[in-house]
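This is run11.cif. It holds mmCIF, C-alpha atoms.
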data_entry
loop_
_atom_site.label_atom_id
_atom_site.label_comp_id
_atom_site.auth_asym_id
_atom_site.auth_seq_id
_atom_site.Cartn_x
_atom_site.Cartn_y
_atom_site.Cartn_z
CA MET A 1215 91.91 91.26 99.72
CA LEU A 1216 89.57 94.18 99.60
CA VAL A 1217 89.26 95.55 96.10
CA THR A 1218 86.89 98.46 95.86
CA ARG A 1219 85.88 100.88 93.19
CA GLY A 1220 83.11 103.34 93.89
CA ALA A 1221 81.91 106.83 93.14
CA ASP A 1222 83.59 108.19 96.24
CA ARG A 1223 86.95 106.95 94.95
CA GLY A 1224 86.75 108.56 91.54
CA ARG A 1225 87.67 106.93 88.24
CA GLY A 1226 91.32 106.34 89.08
CA TRP A 1227 92.53 103.12 90.71
CA ALA A 1228 95.02 103.14 93.54
CA VAL A 1229 95.89 99.86 95.19
CA SER A 1230 96.98 99.72 98.79
CA ARG A 1231 97.32 96.95 101.35
CA GLY A 1232 96.14 97.48 104.90
CA ALA A 1233 97.00 95.60 108.06
CA ASP A 1234 93.90 93.42 107.65
CA GLY A 1235 94.72 92.12 104.18
CA GLY A 1236 92.52 94.52 102.24
CA VAL A 1237 93.35 96.26 99.02
CA SER A 1238 91.65 99.57 98.30
CA ARG A 1239 91.64 101.89 95.35
CA GLY A 1240 92.04 105.63 95.67
CA ALA A 1241 90.95 108.47 93.46
CA ASP A 1242 94.42 109.56 92.43
CA GLY A 1243 95.24 106.32 90.66
CA GLY A 1244 98.53 106.07 92.55
CA ALA A 1245 99.70 103.04 94.43
CA ASP A 1246 100.11 102.88 98.19
CA ARG A 1247 101.44 99.44 99.00
CA ARG A 1248 101.70 98.41 102.62
CA ARG A 1249 102.67 95.11 104.20
CA ASP A 1250 99.81 93.06 105.53
CA PRO A 1251 100.35 90.46 108.28
CA ASP A 1252 97.46 88.33 107.14
CA ARG A 1253 98.92 86.42 104.23
CA SER A 1254 102.27 86.47 102.48
CA VAL A 1255 102.47 86.38 98.70
CA ARG A 1256 105.00 83.85 97.56
CA ARG A 1257 104.43 82.96 93.96
CA GLY A 1258 108.03 81.87 93.23
CA ALA A 1259 110.95 83.71 91.69
CA GLY A 1260 108.95 84.49 88.58
CA ARG A 1261 106.46 86.45 90.71
CA GLY A 1262 108.91 88.48 92.73
CA ALA A 1263 107.32 91.75 91.70
CA VAL A 1264 104.02 90.64 93.15
CA ALA A 1265 105.66 89.71 96.43
CA VAL A 1266 107.03 93.24 96.67
CA ALA A 1267 103.71 94.84 95.74
CA ALA A 1268 101.58 93.04 98.32
CA ALA A 1269 101.92 90.63 101.16
CA VAL A 1270 98.72 89.15 102.54
CA LEU A 1271 95.53 87.24 101.87
CA LEU A 1272 93.40 85.23 104.27
CA ALA A 1273 92.32 81.65 104.00
CA ALA A 1274 89.73 79.55 105.82
CA GLY A 1275 86.93 76.89 106.35
CA CYS A 1276 85.10 74.89 109.21
CA GLY A 1277 82.08 72.65 109.76
CA SER A 1278 80.43 69.46 110.86
CA GLY A 1279 79.13 66.32 109.26
CA GLY A 1280 80.56 63.07 107.91
CA GLU A 1281 84.35 63.21 107.94
CA SER A 1282 86.92 62.38 105.33
CA ALA A 1283 90.33 63.80 106.15
CA ARG A 1284 93.70 64.56 104.58
CA THR A 1285 96.83 66.11 105.94
CA ASP A 1286 97.98 68.36 103.13
CA GLY A 1287 101.65 68.62 102.66
CA ALA A 1288 104.10 70.66 104.62
CA ALA A 1289 105.29 69.68 108.05
CA SER A 1290 104.71 72.13 110.87
CA GLY A 1291 108.12 73.62 110.30
CA GLY A 1292 107.09 74.80 106.83
CA SER A 1293 109.01 74.45 103.58
CA GLY A 1294 110.75 76.81 101.22
CA PRO A 1295 109.35 77.72 97.84
CA SER A 1296 111.67 75.24 96.11
CA ALA A 1297 110.51 72.27 98.22
CA PRO A 1298 108.23 69.87 96.30
CA ALA A 1299 104.64 69.64 97.48
CA SER A 1300 104.04 66.48 99.45
CA SER A 1301 101.09 64.20 98.85
CA PRO A 1302 98.21 64.44 101.30
CA ALA A 1303 98.33 61.67 103.91
CA PRO A 1304 95.30 60.13 105.61
CA ALA A 1305 94.29 61.73 108.89
CA SER A 1306 91.26 61.98 111.13
CA SER A 1307 89.84 64.54 113.50
CA PRO A 1308 86.64 65.00 115.49
CA ALA A 1309 84.08 67.38 114.03
CA PRO A 1310 84.44 70.95 115.29
CA ALA A 1311 82.10 72.03 118.07
CA ALA A 1312 78.88 73.67 116.91
CA VAL A 1313 78.83 77.47 116.86
CA ALA A 1314 75.69 79.60 117.08
CA PRO A 1315 75.20 81.73 113.93
CA ALA A 1316 75.61 85.50 114.03
CA ALA A 1317 72.73 87.91 113.67
CA LYS A 1318 71.84 88.59 110.05
CA GLY A 1319 72.76 91.97 108.61
CA GLY A 1320 71.94 91.42 104.94
CA THR A 1321 72.22 89.01 102.02
CA VAL A 1322 74.81 88.73 99.28
CA GLY A 1323 74.89 86.86 95.98
CA ALA A 1324 71.50 87.65 94.47
CA ALA A 1325 71.17 89.88 91.43
CA GLY A 1326 71.29 93.49 92.55
CA SER A 1327 73.26 92.72 95.72
CA ALA A 1328 76.77 94.04 96.39
CA CYS A 1329 78.22 90.84 94.88
CA PRO A 1330 76.14 88.93 92.31
CA LEU A 1331 77.33 85.32 92.65
CA PRO A 1332 76.36 81.76 91.67
CA VAL A 1333 75.34 81.31 95.34
CA ALA A 1334 73.53 83.49 97.87
CA PHE A 1335 73.83 83.61 101.67
CA ASP A 1336 73.23 85.84 104.67
CA VAL A 1337 75.94 88.22 105.90
CA ALA A 1338 76.52 88.95 109.58
CA ALA A 1339 75.45 92.34 110.91
CA GLU A 1340 77.95 95.13 110.15
CA TRP A 1341 80.09 93.00 107.83
CA GLN A 1342 80.62 94.88 104.57
CA PRO A 1343 80.57 93.03 101.20
CA LYS A 1344 82.48 94.39 98.22
CA LYS A 1345 82.65 93.08 94.69
CA VAL A 1346 86.20 92.20 93.62
CA GLU A 1347 87.25 93.22 90.12
CA PRO A 1348 90.55 92.82 88.26
CA VAL A 1349 93.11 95.60 88.43
CA GLY A 1350 92.83 97.58 85.22
CA ASP A 1351 96.00 99.68 85.53
CA PRO A 1352 98.72 98.02 83.39
CA ASP A 1353 101.38 99.18 85.86
CA LEU A 1354 99.63 97.23 88.63
CA ALA A 1355 98.40 94.27 86.57
CA GLU A 1356 100.62 91.83 88.47
CA LEU A 1357 98.40 92.37 91.50
CA ASN A 1358 95.78 90.30 89.70
CA GLU A 1359 97.84 87.29 90.80
CA LEU A 1360 96.43 87.94 94.26
CA LEU A 1361 92.92 87.41 92.93
CA ARG A 1362 93.65 83.84 91.81
CA GLN A 1363 94.17 80.63 93.76
CA GLY A 1364 94.48 77.53 91.65
CA PRO A 1365 91.58 77.50 89.17
CA PHE A 1366 89.57 79.98 91.26
CA THR A 1367 89.18 83.76 91.04
CA MET A 1368 88.14 85.97 93.96
CA ALA A 1369 84.71 87.46 93.28
CA CYS A 1370 83.61 88.95 96.59
CA GLU A 1371 85.19 90.01 99.85
CA ILE A 1372 83.13 90.57 103.01
CA ASP A 1373 85.04 92.72 105.47
CA ALA A 1374 84.69 92.12 109.22
CA LYS A 1375 86.34 95.39 110.28
CA PRO A 1376 83.06 97.32 110.67
CA ALA A 1377 82.04 94.62 113.16
CA GLY A 1378 85.29 95.03 115.09
CA ARG A 1379 87.16 91.99 113.75
CA ILE A 1380 90.25 91.76 111.52
CA GLY A 1381 89.51 89.37 108.69
CA PHE A 1382 87.36 88.54 105.71
CA LEU A 1383 84.90 86.04 104.33
CA ARG A 1384 85.84 85.64 100.67
CA VAL A 1385 83.99 84.02 97.79
CA TRP A 1386 85.97 82.40 94.97
CA THR A 1387 84.37 81.22 91.72
CA GLY A 1388 85.64 78.57 89.33
CA GLY A 1389 83.45 79.57 86.41
CA GLY A 1390 82.56 77.31 83.54
CA GLY A 1391 86.19 77.06 82.45
CA ALA A 1392 87.40 75.71 85.79
CA GLY A 1393 86.24 72.24 84.90
CA ALA A 1394 89.53 71.29 83.29
CA GLY A 1395 91.80 69.47 85.66
CA ARG A 1396 91.58 68.78 89.34
CA GLY A 1397 89.93 72.03 90.40
CA GLY A 1398 87.24 72.13 88.22
CA GLY A 1399 84.74 69.66 88.16
CA ALA A 1400 81.32 69.48 89.66
CA ALA A 1401 82.49 67.50 92.73
CA PRO A 1402 82.93 69.89 95.69
CA ARG A 1403 85.68 67.71 97.20
CA ALA A 1404 87.91 67.87 94.12
CA ALA A 1405 87.33 71.60 93.76
CA LEU A 1406 88.17 72.24 97.39
CA GLU A 1407 91.33 70.13 97.30
CA SER A 1408 92.59 72.12 94.32
CA PHE A 1409 91.91 75.36 96.19
CA VAL A 1410 93.74 74.29 99.35
CA THR A 1411 96.79 72.87 97.60
CA ALA A 1412 97.18 76.10 95.62
CA ASP A 1413 97.52 78.16 98.83
CA ASP A 1414 101.00 79.70 99.00
CA ASP A 1415 101.10 79.64 102.80
CA ALA A 1416 102.14 75.98 103.14
CA PRO A 1417 98.77 74.44 104.09
CA SER A 1418 98.97 71.49 106.50
CA SER A 1419 96.75 69.30 108.66
CA ALA A 1420 93.83 69.56 106.22
CA VAL A 1421 90.69 67.70 107.32
CA TYR A 1422 87.89 67.39 104.74
CA ARG A 1423 84.25 66.61 105.58
CA ASP A 1424 81.22 66.05 103.39
CA VAL A 1425 78.47 68.22 104.85
CA ARG A 1426 74.97 69.53 104.17
CA VAL A 1427 74.46 73.29 104.28
CA GLY A 1428 71.63 75.72 103.63
CA ALA A 1429 68.09 75.58 104.97
CA ASP A 1430 67.27 72.03 106.10
CA GLY A 1431 70.62 70.84 104.70
CA ALA A 1432 69.42 71.24 101.11
CA VAL A 1433 72.90 71.78 99.60
CA SER A 1434 75.70 69.20 99.39
CA ALA A 1435 79.12 70.62 100.17
CA THR A 1436 82.62 69.73 101.28
CA GLU A 1437 84.24 71.63 104.13
CA VAL A 1438 87.87 71.75 105.19
CA THR A 1439 89.80 72.97 108.20
CA TYR A 1440 93.55 73.43 107.90
CA VAL A 1441 96.52 75.43 109.11
CA VAL A 1442 98.80 77.83 107.25
CA THR A 1443 102.14 79.32 108.18
CA SER A 1444 102.62 83.00 107.50
CA ALA A 1445 106.13 83.59 106.16
CA LEU A 1446 105.82 87.27 107.03
CA LEU A 1447 104.89 86.73 110.68
CA GLY A 1448 106.34 83.26 111.17
CA GLU A 1449 103.08 82.18 112.83
CA ARG A 1450 100.62 79.37 112.24
CA LYS A 1451 96.89 80.04 112.10
CA PRO A 1452 93.70 78.11 111.29
CA VAL A 1453 91.67 78.58 108.12
CA ARG A 1454 88.36 77.18 106.89
CA ALA A 1455 86.79 76.77 103.48
CA LEU A 1456 83.66 75.32 101.94
CA ALA A 1457 82.98 74.25 98.34
CA VAL A 1458 79.68 73.72 96.54
CA ALA A 1459 78.83 72.84 92.96
CA THR A 1460 76.61 75.16 90.92
CA PRO A 1461 75.47 75.19 87.28
CA ARG A 1462 77.97 78.03 86.74
CA GLY A 1463 80.88 76.12 88.19
CA PRO A 1464 82.29 75.39 91.65
CA VAL A 1465 82.24 78.06 94.34
CA VAL A 1466 84.48 78.25 97.42
CA LEU A 1467 83.73 80.27 100.57
CA GLU A 1468 86.85 81.00 102.61
CA LEU A 1469 87.05 82.40 106.14
CA GLY A 1470 90.29 83.74 107.58
CA GLY A 1471 91.57 86.09 110.20
CA MET A 1472 94.72 87.89 111.16
CA ASP A 1473 95.39 85.19 113.78
CA GLY A 1474 93.70 82.31 115.56
CA GLU A 1475 91.86 84.57 117.98
CA GLU A 1476 90.33 86.67 115.21
CA HIS A 1477 89.47 83.55 113.24
CA THR A 1478 87.60 82.04 116.18
CA ALA A 1479 85.73 85.28 116.84
CA MET A 1480 84.42 85.26 113.25
CA LEU A 1481 83.03 81.72 113.33
CA PRO A 1482 79.43 82.87 114.05
CA ALA A 1483 79.47 84.80 110.74
CA TRP A 1484 80.78 81.69 108.99
CA GLU A 1485 78.03 79.56 110.51
CA LEU A 1486 75.39 82.08 109.39
CA ALA A 1487 76.66 81.91 105.81
CA LYS A 1488 76.65 78.11 105.82
CA ARG A 1489 73.14 77.73 107.23
CA SER A 1490 71.62 80.22 104.78
CA LEU A 1491 73.53 79.27 101.60
CA THR A 1492 71.64 78.50 98.43
CA ALA A 1493 73.15 77.55 95.08
CA ALA A 1494 70.99 80.06 93.20
CA GLY A 1495 72.55 83.48 93.35
CA GLY A 1496 72.62 86.35 90.87
#
Re-express the file's structure as structure tokens.
Amino acid sequence: MLVTRGADRGRGWAVSRGADGGVSRGADGGADRRRDPDRSVRRGAGRGAVAVAAAVLLAAGCGSGGESARTDGAASGGSGPSAPASSPAPASSPAPAAVAPAAKGGTVGAAGSACPLPVAFDVAAEWQPKKVEPVGDPDLAELNELLRQGPFTMACEIDAKPAGRIGFLRVWTGGGGAGAGRGGGAAPRAALESFVTADDDAPSSAVYRDVRVGADGAVSATEVTYVVTSALLGERKPVRALAVATPRGPVVLELGGMDGEEHTAMLPAWELAKRSLTAAGG
């Protein structure tokens, strides 16, 4: 979800959904809501208004290293909102093939960057980072549901469109208060599991791996690859995510794409972020 608010958009907030999953704010403060094929919003009957207001987010994660796998829940046929979540079952999978990192275009996360974060990492050339902030308009407040997944809140969205791809690299923060319950704690694995199981798009075939990221593998992390089923498009697509622990709480990086082809094309940007990540952002 692309949530922007800048001088060129005036003081008013207008929220609109584009075909790539972004949400933008216009100067007139009105709402232009369009369906997005990237991720359906299904928060249950009590969140019906949100499902009408917006339809798509991305999800993602990939990597290499020691493997520890789970198949998370729904069978490939998917399940309805009323179906109980199934317990992850043991699974195994070979590590994904190595991908060369993209060329660096900038850095995000440090104080003074587009998105001050508990972590910092390099951004691929032409990818555009934007800080994500809650919707302030009371009439559109339900859209804030789109900024939460389990105990995590979206803090930054890095748009691949300027580089010719349809997708995002998103950063989700748990904050100090995310420590309560499964999502919270300092362990990256527990934090990542809580993020994946909170995905509304019926995550399945989840494979978790303990990995080392950053320069010389200085940072411990857990990475996951899994598959979601888009209720809007009726298609399955891969996603990848990575969790690290920081003094300010767990952080999840998520890579998605409109479909499998877009997702694969964005893997060099994902690899760049992983290899440059430090747990000392702004």
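A search radius of 7 Å centred on (86.0, 87.4, 111.3), applied to only C-alpha atoms, returns the residues Ala1374, Arg1379, Ile1380, Gly1381, Phe1382, Gly1470, Gly1471, Glu1476, His1477, Ala1479, Met1480 and Leu1481 of chain A.
With distances restricted to all atoms listed in the file, A:Val1333 is the closest residue to Gly1463 in chain A from A:Ala1355, A:Val1333, A:Leu1360, A:Ala1487.
Going from CA of Ala1494 in chain A over to CA of Ala1455 in chain A, you cover 19.1 Å.
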Using the chain letters and numbers from this file, what does the PyMOL selection byres ((chain A and resi 1337) around 10) select? Give the answer as an NGL selection string. :A and (1316-1322 or 1334-1336 or 1338-1343 or 1372 or 1383 or 1483-1484 or 1486-1487 or 1490)
From the list A:Ala1457, A:Lys1344, A:Asp1430, A:Asp1373, which residue is nearest Leu1406 in chain A when using all atoms listed in the file? A:Ala1457
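Coordinates place CA of Tyr1440 in chain A at a distance of 26.1 Å from CA of Lys1345 in chain A.
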If the PyMOL selection byres ((chain A and resi 1432) around 12) is run on the structure shown, which residues does it catch, given as JSON, numbers by chain? {"A": [1425, 1426, 1427, 1428, 1429, 1430, 1431, 1433, 1434, 1435, 1458, 1488, 1489, 1490, 1491, 1492, 1493, 1494]}
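One finds CA of Phe1366 in chain A at 20.1 Å from CA of Leu1354 in chain A.
Checking A:Arg1423, A:Ala1312, A:Asp1414, A:Arg1384 one by one against Leu1469 in chain A, counting all atoms listed in the file, you find the shortest gap at A:Arg1384.
Once Ala1325 in chain A and its same-chain neighbours fewer than 4 positions away are set aside, Pro1330, Gly1495 and Gly1496 of chain A remain within 7 Å of it when counting only C-alpha atoms.
Here the PyMOL selection byres ((chain A and resi 1313) around 7) catches exactly these residues: Ala1311, Ala1312, Ala1314, Pro1315, Leu1481, Pro1482 and Glu1485 of chain A.
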